[in-house]
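Source file: structure_7.cif. Holds: mmCIF, C-alpha atoms and all ligand atoms.
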data_model
#
loop_
_atom_site.label_atom_id
_atom_site.label_comp_id
_atom_site.auth_asym_id
_atom_site.auth_seq_id
_atom_site.Cartn_x
_atom_site.Cartn_y
_atom_site.Cartn_z
CA MET Y 11 -32.94 7.05 34.06
CA GLU Y 12 -36.33 5.89 32.81
CA SER Y 13 -35.99 2.45 31.29
CA THR Y 14 -38.95 2.86 28.92
CA THR Y 15 -36.68 2.86 25.86
CA VAL Y 16 -34.84 -0.37 26.74
CA GLY Y 17 -35.10 -2.92 23.94
CA LYS Y 18 -36.83 -0.46 21.61
CA VAL Y 19 -35.73 1.54 18.60
CA ILE Y 20 -35.12 5.17 19.63
CA THR Y 21 -35.90 8.10 17.36
CA CYS Y 22 -33.51 11.00 17.98
CA LYS Y 23 -31.52 13.80 16.38
CA ALA Y 24 -28.14 13.27 14.76
CA ALA Y 25 -25.79 15.30 12.57
CA VAL Y 26 -25.56 13.21 9.41
CA ALA Y 27 -22.74 13.56 6.86
CA TRP Y 28 -23.95 13.00 3.28
CA GLY Y 29 -20.80 13.75 1.31
CA PRO Y 30 -17.22 15.02 1.65
CA GLY Y 31 -17.13 18.60 2.91
CA GLU Y 32 -20.92 19.02 2.77
CA PRO Y 33 -22.47 20.68 5.82
CA LEU Y 34 -23.75 18.11 8.30
CA VAL Y 35 -27.53 17.78 8.29
CA MET Y 36 -29.35 17.69 11.60
CA GLU Y 37 -32.04 15.08 11.18
CA LYS Y 38 -34.22 12.54 12.90
CA ILE Y 39 -32.75 9.05 12.78
CA LEU Y 40 -33.56 5.64 14.24
CA VAL Y 41 -31.16 3.97 16.66
CA ASP Y 42 -31.45 0.21 17.20
CA PRO Y 43 -31.12 -1.38 20.65
CA PRO Y 44 -27.62 -2.61 21.51
CA GLN Y 45 -26.83 -6.15 20.37
CA LYS Y 46 -24.48 -8.67 21.95
CA MET Y 47 -21.56 -6.95 23.78
CA GLU Y 48 -22.84 -3.48 22.81
CA VAL Y 49 -23.98 -0.47 24.82
CA ARG Y 50 -26.45 2.24 23.87
CA ILE Y 51 -25.44 5.63 25.20
CA LYS Y 52 -27.29 8.91 25.63
CA VAL Y 53 -24.65 11.40 24.54
CA LEU Y 54 -24.59 14.54 26.73
CA PHE Y 55 -21.49 16.31 25.41
CA THR Y 56 -19.43 15.96 22.26
CA SER Y 57 -16.68 18.00 20.65
CA VAL Y 58 -14.97 18.20 17.26
CA CYS Y 59 -11.44 16.83 16.91
CA HIS Y 60 -9.13 17.34 13.95
CA SER Y 61 -9.69 13.71 12.88
CA ASP Y 62 -13.43 14.44 12.47
CA LEU Y 63 -12.47 17.39 10.32
CA SER Y 64 -10.18 15.26 8.11
CA ALA Y 65 -12.78 12.50 7.77
CA TRP Y 66 -15.56 15.01 7.05
CA LYS Y 67 -13.47 16.57 4.28
CA GLY Y 68 -12.92 13.04 2.91
CA GLU Y 69 -9.17 13.60 2.82
CA ASN Y 70 -8.57 9.88 2.54
CA GLU Y 71 -10.70 8.62 -0.34
CA SER Y 72 -10.49 4.97 0.65
CA GLN Y 73 -12.13 5.83 3.96
CA ARG Y 74 -15.15 7.62 2.50
CA ALA Y 75 -18.59 6.18 3.30
CA TYR Y 76 -21.92 8.01 3.39
CA PRO Y 77 -24.29 8.65 4.97
CA ARG Y 78 -22.25 8.55 8.13
CA ILE Y 79 -22.29 9.86 11.70
CA PHE Y 80 -18.91 11.27 12.70
CA GLY Y 81 -17.71 12.30 16.16
CA HIS Y 82 -15.52 10.42 18.62
CA GLU Y 83 -14.89 12.80 21.53
CA ALA Y 84 -17.84 12.68 23.90
CA SER Y 85 -19.36 11.72 27.23
CA GLY Y 86 -22.75 10.45 28.27
CA ILE Y 87 -24.89 8.03 30.24
CA VAL Y 88 -25.59 4.36 29.53
CA GLU Y 89 -29.22 3.96 28.38
CA SER Y 90 -29.12 0.17 28.03
CA VAL Y 91 -26.68 -2.70 27.54
CA GLY Y 92 -26.80 -5.69 25.19
CA GLU Y 93 -26.39 -9.38 25.97
CA GLY Y 94 -23.12 -10.40 27.61
CA VAL Y 95 -22.00 -6.92 28.71
CA THR Y 96 -20.39 -6.91 32.13
CA GLY Y 97 -19.10 -3.98 34.18
CA LEU Y 98 -21.49 -1.44 32.62
CA LYS Y 99 -25.13 -0.78 33.45
CA GLU Y 100 -27.95 1.65 32.83
CA GLY Y 101 -27.16 5.07 34.32
CA ASP Y 102 -23.36 4.70 34.35
CA HIS Y 103 -21.37 7.78 33.36
CA VAL Y 104 -19.13 6.90 30.45
CA ILE Y 105 -16.81 8.19 27.77
CA PRO Y 106 -16.45 6.48 24.40
CA ILE Y 107 -12.96 5.55 23.22
CA PHE Y 108 -12.09 5.16 19.54
CA ASN Y 109 -9.23 2.80 20.43
CA GLY Y 110 -10.94 0.03 22.39
CA GLU Y 111 -9.69 -2.56 24.86
CA CYS Y 112 -11.37 -5.98 24.79
CA GLY Y 113 -9.11 -7.28 27.56
CA GLU Y 114 -8.88 -10.72 25.96
CA CYS Y 115 -6.74 -10.53 22.81
CA GLU Y 116 -2.96 -10.96 22.59
CA TYR Y 117 -2.50 -7.17 22.37
CA CYS Y 118 -4.72 -6.37 25.33
CA LYS Y 119 -2.83 -8.96 27.38
CA CYS Y 120 0.53 -7.42 26.47
CA GLU Y 121 1.68 -4.57 28.71
CA ARG Y 122 3.78 -2.95 25.99
CA THR Y 123 0.93 -1.92 23.69
CA ASN Y 124 -2.54 -0.34 23.76
CA MET Y 125 -3.56 -1.94 20.48
CA CYS Y 126 -6.56 -4.27 20.45
CA ARG Y 127 -7.06 -6.88 17.77
CA ASP Y 128 -10.76 -6.26 17.06
CA TYR Y 129 -11.56 -2.89 18.62
CA GLY Y 130 -8.42 -0.84 17.96
CA VAL Y 131 -8.70 2.39 15.98
CA ASN Y 132 -9.79 1.56 12.43
CA PRO Y 133 -10.91 4.34 10.08
CA MET Y 134 -12.15 1.76 7.55
CA LYS Y 135 -14.63 0.18 9.98
CA LYS Y 136 -18.18 1.40 9.41
CA VAL Y 137 -20.46 -1.35 10.76
CA MET Y 138 -20.76 -3.26 14.03
CA ILE Y 139 -18.71 -6.42 14.57
CA ALA Y 140 -21.56 -8.53 16.02
CA ASP Y 141 -23.50 -8.79 12.74
CA GLY Y 142 -21.77 -6.54 10.19
CA LYS Y 143 -24.73 -4.13 10.26
CA CYS Y 144 -25.40 -0.52 11.25
CA ARG Y 145 -27.43 0.49 14.29
CA PHE Y 146 -28.41 3.84 12.73
CA TRP Y 147 -31.12 4.23 10.07
CA THR Y 148 -32.59 7.20 8.21
CA LYS Y 149 -36.12 7.79 9.46
CA GLU Y 150 -37.77 8.26 6.08
CA LYS Y 151 -36.24 5.57 3.86
CA ARG Y 152 -34.78 3.33 6.56
CA GLU Y 153 -31.39 3.33 4.87
CA PRO Y 154 -28.38 2.38 6.97
CA ILE Y 155 -26.14 5.18 8.26
CA PHE Y 156 -22.51 4.16 8.75
CA HIS Y 157 -20.56 4.26 12.01
CA PHE Y 158 -17.24 6.05 12.52
CA LEU Y 159 -14.14 5.30 14.64
CA ASN Y 160 -15.98 2.81 16.90
CA THR Y 161 -17.96 5.70 18.39
CA SER Y 162 -20.18 7.99 16.19
CA THR Y 163 -20.98 10.57 18.83
CA PHE Y 164 -22.67 13.29 16.74
CA SER Y 165 -26.03 11.80 17.71
CA GLU Y 166 -28.26 12.08 20.78
CA PHE Y 167 -27.98 8.29 21.11
CA THR Y 168 -25.24 6.02 19.82
CA VAL Y 169 -24.47 2.30 20.00
CA ILE Y 170 -20.89 1.35 20.84
CA GLU Y 171 -19.16 -1.98 21.39
CA SER Y 172 -18.54 -2.35 25.13
CA ALA Y 173 -14.76 -2.64 24.53
CA CYS Y 174 -14.92 1.02 23.46
CA VAL Y 175 -16.78 2.37 26.50
CA VAL Y 176 -15.03 3.58 29.66
CA LYS Y 177 -16.86 4.08 32.94
CA VAL Y 178 -15.96 7.26 34.84
CA ASP Y 179 -16.55 8.31 38.45
CA PRO Y 180 -20.06 9.84 38.62
CA ASP Y 181 -18.65 12.61 40.84
CA PHE Y 182 -16.46 13.86 37.99
CA PRO Y 183 -18.14 16.45 35.73
CA LEU Y 184 -18.90 14.92 32.35
CA ASN Y 185 -18.26 18.14 30.44
CA LYS Y 186 -14.59 17.99 31.50
CA MET Y 187 -14.39 14.19 31.08
CA THR Y 188 -15.23 14.70 27.39
CA MET Y 189 -11.70 16.02 26.91
CA LEU Y 190 -10.32 12.59 27.92
CA SER Y 191 -12.20 10.85 25.12
CA CYS Y 192 -9.47 11.72 22.60
CA GLY Y 193 -7.37 14.91 22.44
CA VAL Y 194 -6.10 15.42 25.99
CA THR Y 195 -5.52 11.72 26.59
CA THR Y 196 -3.60 11.47 23.32
CA GLY Y 197 -1.29 14.38 24.16
CA VAL Y 198 -0.76 13.74 27.86
CA GLY Y 199 -0.22 10.03 27.23
CA ALA Y 200 2.30 10.72 24.47
CA ALA Y 201 4.36 12.66 27.04
CA TRP Y 202 3.84 10.31 29.97
CA LYS Y 203 3.62 6.86 28.46
CA THR Y 204 5.05 6.89 24.93
CA ALA Y 205 7.99 9.26 25.52
CA ASP Y 206 8.14 8.96 29.33
CA VAL Y 207 9.38 12.58 29.57
CA LYS Y 208 11.83 13.00 32.45
CA ALA Y 209 12.21 15.93 34.87
CA ARG Y 210 14.58 18.69 33.66
CA SER Y 211 14.47 17.41 30.07
CA THR Y 212 13.84 19.51 26.96
CA VAL Y 213 10.85 19.19 24.66
CA ALA Y 214 9.69 20.62 21.31
CA ILE Y 215 6.05 20.45 20.26
CA PHE Y 216 5.01 21.09 16.66
CA GLY Y 217 1.34 22.15 16.42
CA LEU Y 218 -0.35 23.78 19.39
CA GLY Y 219 -3.93 22.56 18.94
CA SER Y 220 -5.53 20.52 21.72
CA VAL Y 221 -3.26 17.56 21.08
CA GLY Y 222 -0.02 19.58 21.15
CA LEU Y 223 -1.16 21.59 24.16
CA ALA Y 224 -1.99 18.39 26.00
CA VAL Y 225 1.58 17.21 25.31
CA ALA Y 226 2.75 20.53 26.82
CA ALA Y 227 0.58 20.05 29.90
CA GLY Y 228 1.89 16.50 30.28
CA ALA Y 229 5.55 17.50 29.85
CA HIS Y 230 5.09 20.41 32.25
CA ALA Y 231 3.56 18.10 34.87
CA ARG Y 232 6.62 15.86 34.51
CA GLY Y 233 8.95 18.79 35.21
CA ALA Y 234 10.48 19.37 31.78
CA SER Y 235 12.77 22.40 32.01
CA LYS Y 236 12.24 23.76 28.51
CA ILE Y 237 9.13 23.25 26.38
CA ILE Y 238 9.37 24.83 22.94
CA GLY Y 239 6.08 25.30 21.07
CA VAL Y 240 6.07 25.64 17.28
CA ASP Y 241 3.00 26.88 15.38
CA ILE Y 242 2.28 28.92 12.26
CA ASN Y 243 -0.66 30.51 14.06
CA PRO Y 244 0.76 32.86 16.72
CA ALA Y 245 -2.70 33.18 18.30
CA LYS Y 246 -1.95 29.75 19.82
CA PHE Y 247 0.96 31.04 21.90
CA VAL Y 248 -1.04 32.64 24.74
CA LYS Y 249 -2.76 29.43 25.79
CA ALA Y 250 0.45 27.50 25.17
CA GLN Y 251 2.31 29.60 27.71
CA ALA Y 252 -0.49 29.10 30.25
CA LEU Y 253 -0.03 25.34 29.85
CA GLY Y 254 3.73 25.29 30.36
CA VAL Y 255 5.32 26.17 27.01
CA THR Y 256 8.43 28.23 27.79
CA ASP Y 257 9.48 29.34 24.27
CA CYS Y 258 7.29 29.92 21.20
CA ILE Y 259 8.44 29.72 17.59
CA ASN Y 260 6.54 30.79 14.48
CA PRO Y 261 8.28 29.14 11.50
CA LYS Y 262 6.86 31.81 9.20
CA GLU Y 263 8.87 34.46 11.01
CA LEU Y 264 12.16 32.56 10.99
CA GLU Y 265 14.92 32.94 8.45
CA THR Y 266 16.23 29.46 9.24
CA ALA Y 267 14.45 26.12 9.55
CA SER Y 268 12.63 25.53 12.87
CA HIS Y 269 15.06 22.79 13.88
CA GLU Y 270 17.97 25.26 13.63
CA GLU Y 271 16.18 27.65 15.97
CA ILE Y 272 15.40 24.80 18.37
CA LYS Y 273 19.07 23.78 18.41
CA ARG Y 274 20.00 27.39 19.14
CA LEU Y 275 17.52 27.52 22.03
CA THR Y 276 18.97 24.33 23.51
CA GLY Y 277 22.64 25.30 23.45
CA GLY Y 278 23.27 23.68 20.06
CA GLY Y 279 22.35 20.07 20.88
CA GLY Y 280 18.60 19.87 20.25
CA VAL Y 281 15.76 18.64 22.44
CA ASP Y 282 15.44 15.32 24.23
CA TYR Y 283 11.92 14.79 22.88
CA SER Y 284 9.93 16.23 19.98
CA PHE Y 285 6.24 15.73 19.19
CA GLU Y 286 4.61 16.12 15.77
CA CYS Y 287 1.00 17.26 16.27
CA THR Y 288 0.12 18.77 12.88
CA GLY Y 289 -0.25 15.87 10.45
CA ASN Y 290 2.30 17.43 8.06
CA LEU Y 291 5.25 15.40 6.73
CA ALA Y 292 7.62 18.36 6.36
CA VAL Y 293 6.90 19.18 10.00
CA LEU Y 294 7.66 15.59 10.98
CA ARG Y 295 11.10 15.97 9.40
CA GLU Y 296 11.68 19.21 11.31
CA ALA Y 297 10.64 17.45 14.51
CA PHE Y 298 13.12 14.65 13.83
CA LEU Y 299 15.97 17.05 13.07
CA SER Y 300 15.25 19.00 16.27
CA THR Y 301 16.20 16.18 18.59
CA HIS Y 302 19.55 15.53 20.19
CA LEU Y 303 21.91 13.06 18.50
CA GLY Y 304 22.39 9.87 20.48
CA TRP Y 305 19.09 9.81 22.40
CA GLY Y 306 16.51 12.16 20.88
CA LEU Y 307 13.02 10.71 20.51
CA THR Y 308 10.38 11.98 18.08
CA VAL Y 309 6.77 11.01 18.74
CA LEU Y 310 4.29 11.18 15.87
CA LEU Y 311 0.71 12.09 16.87
CA GLY Y 312 -0.63 13.85 13.79
CA VAL Y 313 -2.73 11.86 11.35
CA HIS Y 314 -1.13 11.85 7.90
CA PRO Y 315 -3.59 11.18 5.09
CA GLY Y 316 -2.54 9.73 1.74
CA PRO Y 317 0.07 7.23 0.60
CA LYS Y 318 3.18 9.20 1.61
CA THR Y 319 6.06 7.59 3.49
CA LEU Y 320 8.54 8.81 6.12
CA PRO Y 321 10.74 11.75 5.03
CA LEU Y 322 13.96 10.13 6.27
CA HIS Y 323 16.97 8.44 4.76
CA PRO Y 324 17.50 5.10 6.57
CA MET Y 325 21.08 6.09 7.44
CA GLU Y 326 19.73 9.01 9.46
CA LEU Y 327 18.62 6.44 12.03
CA PHE Y 328 22.26 5.58 12.77
CA ASN Y 329 22.67 8.72 14.87
CA GLY Y 330 20.77 7.33 17.82
CA GLN Y 331 17.65 9.39 17.29
CA ARG Y 332 14.47 7.38 17.39
CA ILE Y 333 11.02 7.95 15.95
CA THR Y 334 7.78 6.35 17.10
CA GLY Y 335 4.03 6.86 16.94
CA SER Y 336 1.46 7.25 19.70
CA VAL Y 337 -2.21 6.32 19.44
CA PHE Y 338 -4.50 7.44 22.27
CA GLY Y 339 -1.37 8.36 24.19
CA GLY Y 340 -0.43 4.72 24.65
CA PHE Y 341 -3.20 4.38 27.26
CA LYS Y 342 -5.18 1.17 27.50
CA GLY Y 343 -8.61 2.77 27.53
CA ARG Y 344 -10.75 0.63 29.81
CA THR Y 345 -8.12 -0.03 32.48
CA GLN Y 346 -6.03 3.16 32.55
CA ILE Y 347 -8.28 6.14 31.83
CA ALA Y 348 -9.95 6.13 35.25
CA GLY Y 349 -6.51 6.83 36.76
CA LEU Y 350 -5.86 9.66 34.31
CA ALA Y 351 -9.29 11.15 35.12
CA GLU Y 352 -8.38 11.15 38.82
CA GLU Y 353 -5.09 12.90 38.17
CA CYS Y 354 -6.87 15.53 36.09
CA MET Y 355 -9.44 16.11 38.83
CA ARG Y 356 -6.55 16.54 41.31
CA GLY Y 357 -5.32 19.34 39.06
CA VAL Y 358 -2.27 17.67 37.50
CA VAL Y 359 -3.77 18.63 34.14
CA ASN Y 360 -6.45 21.35 33.96
CA LEU Y 361 -9.11 20.10 31.55
CA ASP Y 362 -10.95 23.45 31.49
CA GLU Y 363 -8.07 24.98 29.54
CA PHE Y 364 -8.96 22.83 26.55
CA ILE Y 365 -12.62 23.89 26.29
CA SER Y 366 -12.32 27.13 24.33
CA HIS Y 367 -15.91 27.34 23.05
CA GLU Y 368 -19.35 25.93 23.89
CA LEU Y 369 -22.33 25.61 21.56
CA PRO Y 370 -25.63 23.76 21.36
CA PHE Y 371 -25.41 20.55 19.30
CA GLU Y 372 -27.58 22.11 16.57
CA LYS Y 373 -24.72 24.49 15.75
CA ILE Y 374 -22.30 21.69 14.93
CA ASN Y 375 -21.35 23.14 11.54
CA GLU Y 376 -20.21 26.27 13.37
CA ALA Y 377 -18.05 24.09 15.62
CA PHE Y 378 -16.41 22.58 12.52
CA GLN Y 379 -15.69 26.05 11.16
CA LEU Y 380 -14.17 27.16 14.46
CA LEU Y 381 -11.68 24.28 14.40
CA GLN Y 382 -10.97 24.59 10.68
CA GLY Y 383 -10.31 28.32 11.09
CA GLY Y 384 -7.84 27.65 13.90
CA GLU Y 385 -10.04 29.59 16.34
CA SER Y 386 -10.98 26.84 18.74
CA LEU Y 387 -9.23 24.20 20.76
CA ARG Y 388 -12.24 22.16 21.65
CA CYS Y 389 -15.77 23.42 21.11
CA LEU Y 390 -17.92 21.54 23.60
CA MET Y 391 -21.41 20.88 22.26
CA HIS Y 392 -24.32 20.28 24.62
CA LEU Y 393 -26.92 17.76 23.49
N1 LIG Y 401 3.82 24.11 11.27
C1 LIG Y 401 3.47 24.38 12.56
N2 LIG Y 401 2.20 24.28 13.03
C2 LIG Y 401 1.25 23.92 12.16
C3 LIG Y 401 1.54 23.61 10.80
C4 LIG Y 401 2.90 23.74 10.37
N3 LIG Y 401 3.22 23.49 9.11
N4 LIG Y 401 0.37 23.26 10.21
C5 LIG Y 401 -0.58 23.33 11.14
N5 LIG Y 401 -0.07 23.74 12.32
C6 LIG Y 401 -0.77 23.95 13.59
C7 LIG Y 401 -2.10 24.67 13.44
O1 LIG Y 401 -1.95 26.08 13.38
C8 LIG Y 401 -2.83 24.23 14.71
O2 LIG Y 401 -2.62 25.10 15.79
O3 LIG Y 401 -1.10 22.69 14.14
C9 LIG Y 401 -2.21 22.86 15.03
C10 LIG Y 401 -3.18 21.69 14.83
O4 LIG Y 401 -4.18 21.82 15.78
P1 LIG Y 401 -5.70 21.40 15.58
O5 LIG Y 401 -6.14 21.68 14.20
O6 LIG Y 401 -6.46 21.99 16.71
O7 LIG Y 401 -5.63 19.78 15.70
P2 LIG Y 401 -5.61 18.80 16.96
O8 LIG Y 401 -7.00 18.38 17.29
O9 LIG Y 401 -4.72 19.33 18.02
O10 LIG Y 401 -4.91 17.53 16.28
C11 LIG Y 401 -3.58 17.59 15.83
O11 LIG Y 401 -3.43 15.20 15.67
O12 LIG Y 401 -5.34 13.98 16.00
C12 LIG Y 401 -4.42 14.42 15.06
O13 LIG Y 401 -5.52 14.54 12.93
C13 LIG Y 401 -5.11 15.27 14.04
O14 LIG Y 401 -3.23 15.76 12.69
C14 LIG Y 401 -4.06 16.27 13.71
C15 LIG Y 401 -3.24 16.43 14.98
ZN ZN Y 402 -9.61 12.71 18.02
ZN ZN Y 403 -8.17 -6.61 22.70
#
For the structure just supplied, provide its representation as structure tokens.
Amino acid sequence: MESTTVGKVITCKAAVAWGPGEPLVMEKILVDPPQKMEVRIKVLFTSVCHSDLSAWKGENESQRAYPRIFGHEASGIVESVGEGVTGLKEGDHVIPIFNGECGECEYCKCERTNMCRDYGVNPMKKVMIADGKCRFWTKEKREPIFHFLNTSTFSEFTVIESACVVKVDPDFPLNKMTMLSCGVTTGVGAAWKTADVKARSTVAIFGLGSVGLAVAAGAHARGASKIIGVDINPAKFVKAQALGVTDCINPKELETASHEEIKRLTGGGGVDYSFECTGNLAVLREAFLSTHLGWGLTVLLGVHPGPKTLPLHPMELFNGQRITGSVFGGFKGRTQIAGLAEECMRGVVNLDEFISHELPFEKINEAFQLLQGGESLRCLMHL
């Protein structure tokens, strides 16, 4: 790559959010050079995830901040690196990760978690850590534009802290690698790392968007014998079956609660593992009730906005069923995603299945509508 932009402010196009639910505006912005421990990336592909949709709608008032550049699922090429960055250089193929790994903090040093003290997922964070400022500016008035989820990928260029940038093999196609930036990694990791799904076990997945389908692909790869998919949109069932779901349930067509049907399908006992991938509390309760007494495990993946708490009576936890959450599939981004990428390229998980639509970046509002309308899994945008 030409290094003529190194150290300079870049003018480029970005999709700027000006208010909750307002169409994103494609405009020229200024992008500062990367500061200490930061990387500036030329984004080549980005897609819309449900968390972008929730943030765009402003579902959680305390997290609102405008103008802002959303987007966290992407891939691209390093344009330049700031002071102190090691292991990344101009021209590297990379994917951004919203849940970073600094490698130094007490969490990063602990094998049992993928949290990171400073660079973990934080929807409240909107400026860079180095100096508390933004790297994006409006071209006309030079007003700051806020960052989002450590990544802000709805821009031709973005600046990301190096703890949130993962290098990928340049032989792997970046369009497919984009899927590992959030959704697929989250779902596959929830099955492999958080739940550690065993061969011949039984699984129920609530919500068959990209995240739920990635759980299905992960559970299928592990040899689960029964994978029950639950969704209120029956259009999701075709792809689900292609990815390993053995039984599909539409709660709207049932006369009983979903968990009753799941118990019936598993000989009365319930599943070994259930996954909540909708962000709905009533669904989380169904997921919990679907698991087997004594050892059932429910994994929460959906993002639940608002101040609501768990829909469980504490005594219900005396039956041996457990409930836990999974962020980014439990993967430590910088050290474990390269291995996942290799497995995907070997065909253990087919990343193409998750790219349901492709559009030019300029049509980003259409991509939002496709996801909101339940029509798309991931709409890959080309920058
Ligand atoms: N019961 C069953 N399925 C439901 C319900 C419900 N009450 N409500 C929604 N769904 C289904 C939708 O029909 C859709 O197929 O859940 C699926 C959600 O998929 P997507 O919108 O594509 O979202 P995805 O990107 O997969 O993310 C799922 O994880 O990252 C979080 O915030 C995100 O909560 C969201 C979840
Ligand atoms: Zn996401
Ligand atoms: Zn850390």
Report task. Name each residue within 7 Å of ligand ZN 403 (chain Y), counting all atoms listed in the file, as number ranges by chain. Result -> Y: 111-118, 125-129
Query raised in the report: Which one of Y:Gly383, Y:Pro154, Y:Pro106, Y:Gly278 sits closest to Y:Ala173 if you count all atoms listed in the file?
Result: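 Closest candidate: Y:Pro106.
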Query raised in the report: Within 7 Å of ligand LIG 401 (chain Y), counting all atoms listed in the file: which residues, as a ChimeraX atom specification?
Result: /Y:59-61,64,193,216-222,240-243,246,261,287-290,293,311-314,381-382,384,386-387
Suppose we keep C-alpha atoms; can you now write the selection as a CSV table (one decimal), keeping the file's coordinate frame?
chain,number,residue,atom,x,y,z
Y,59,CYS,CA,-11.4,16.8,16.9
Y,60,HIS,CA,-9.1,17.3,14.0
Y,61,SER,CA,-9.7,13.7,12.9
Y,64,SER,CA,-10.2,15.3,8.1
Y,193,GLY,CA,-7.4,14.9,22.4
Y,216,PHE,CA,5.0,21.1,16.7
Y,217,GLY,CA,1.3,22.2,16.4
Y,218,LEU,CA,-0.4,23.8,19.4
Y,219,GLY,CA,-3.9,22.6,18.9
Y,220,SER,CA,-5.5,20.5,21.7
Y,221,VAL,CA,-3.3,17.6,21.1
Y,222,GLY,CA,0.0,19.6,21.2
Y,240,VAL,CA,6.1,25.6,17.3
Y,241,ASP,CA,3.0,26.9,15.4
Y,242,ILE,CA,2.3,28.9,12.3
Y,243,ASN,CA,-0.7,30.5,14.1
Y,246,LYS,CA,-2.0,29.8,19.8
Y,261,PRO,CA,8.3,29.1,11.5
Y,287,CYS,CA,1.0,17.3,16.3
Y,288,THR,CA,0.1,18.8,12.9
Y,289,GLY,CA,-0.2,15.9,10.4
Y,290,ASN,CA,2.3,17.4,8.1
Y,293,VAL,CA,6.9,19.2,10.0
Y,311,LEU,CA,0.7,12.1,16.9
Y,312,GLY,CA,-0.6,13.8,13.8
Y,313,VAL,CA,-2.7,11.9,11.4
Y,314,HIS,CA,-1.1,11.8,7.9
Y,381,LEU,CA,-11.7,24.3,14.4
Y,382,GLN,CA,-11.0,24.6,10.7
Y,384,GLY,CA,-7.8,27.6,13.9
Y,386,SER,CA,-11.0,26.8,18.7
Y,387,LEU,CA,-9.2,24.2,20.8
Report task. Point out the residue among Y:Phe80, Y:Trp147, Y:Phe285, Y:Trp202 with the least atom-to-atom distance to Y:Gly335, counting all atoms listed in the file. Result ->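 Among the listed residues, Y:Phe285 lies closest to Y:Gly335.
Nearest residue to ligand ZN 402 (chain Y), choosing from Y:Ala234, Y:Val169, Y:Val41, Y:Met189 and counting only C-alpha atoms and all ligand atoms: Y:Met189.
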Query raised in the report: So which one's closest to ligand ZN 402 (chain Y), Y:Met187, Y:Pro77, Y:Gly197, Y:Glu71? Using all atoms listed in the file, please.
Result: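 Answer, going by the shortest atom-to-atom distance: Y:Gly197.
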Report task. Could you give me, as a ChimeraX atom specification, the residues within 9 Å of Y:His269, counting only C-alpha atoms and dropping anything in the same chain fewer than 4 positions from it? Result -> /Y:273-274,280,296-301
Per residue of stretch 75-136 of chain Y within 8 Å of stretch 11-29 of chain Y, what are the shortest atom pair and its distance in Å to one decimal, counting all atoms listed in the file, with rows by chain and residue number, as a Markdown table?
| residue | atom | partner | partner_atom | distance |
| --- | --- | --- | --- | --- |
| Y:Tyr76 | CA | Y:Trp28 | CA | 5.4 |
| Y:Pro77 | CA | Y:Trp28 | CA | 4.7 |
| Y:Arg78 | CA | Y:Ala27 | CA | 5.2 |
| Y:Ile79 | CA | Y:Val26 | CA | 5.2 |
| Y:Phe80 | CA | Y:Ala27 | CA | 7.3 |
| Y:Glu89 | CA | Y:Val16 | CA | 7.3 |
| Y:Ser90 | CA | Y:Val16 | CA | 5.9 |
| Y:Glu100 | CA | Y:Met11 | CA | 7.5 |
| Y:Gly101 | CA | Y:Met11 | CA | 6.1 |
Report summary line: The distance between atom CA of Y:Phe167 and atom CA of Y:Lys52 is 4.6 Å
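Minimum atom-to-atom distances from Y:Asp362, Y:Asp282, Y:Asp141, Y:Asp206 to Y:Trp305 were compared using all atoms listed in the file, and the lowest value belongs to Y:Asp282.
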Query raised in the report: Mind pulling up the distance from atom CA of Y:Thr212 to atom CA of Y:Gly279?
Result: 10.5 Å
Query raised in the report: Between atom CA of Y:Arg145 and atom CA of Y:Ser57, what is the distance, to one decimal in Å?
Result: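 Between atom CA of Y:Arg145 and atom CA of Y:Ser57 the gap works out to 21.5 Å.
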Taking all atoms of stretch 367-384 of chain Y that the file lists, what box with edges along x, y and z, padded by 4 Å per side, do you get, with centre and edge lengths in Å to one decimal, as AutoDock Vina command-line options?
--center_x -17.7 --center_y 24.4 --center_z 17.3 --size_x 27.7 --size_y 15.8 --size_z 21.2
**Report entry** Residue with smallest distance to Y:Pro183 - pool Y:Val309, Y:Ala292, Y:Ala252, Y:Val104, counting all atoms listed in the file
**Finding:**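 Of the candidates, the smallest distance to Y:Pro183 is held by Y:Val104.
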**Report entry** Nearby residues (all atoms listed in the file) at most 8 Å from Y:Asn132, same-chain spacing under 3 positions excluded, as a PyMOL selection string
**Finding:** chain Y and resi 129+135+159-160
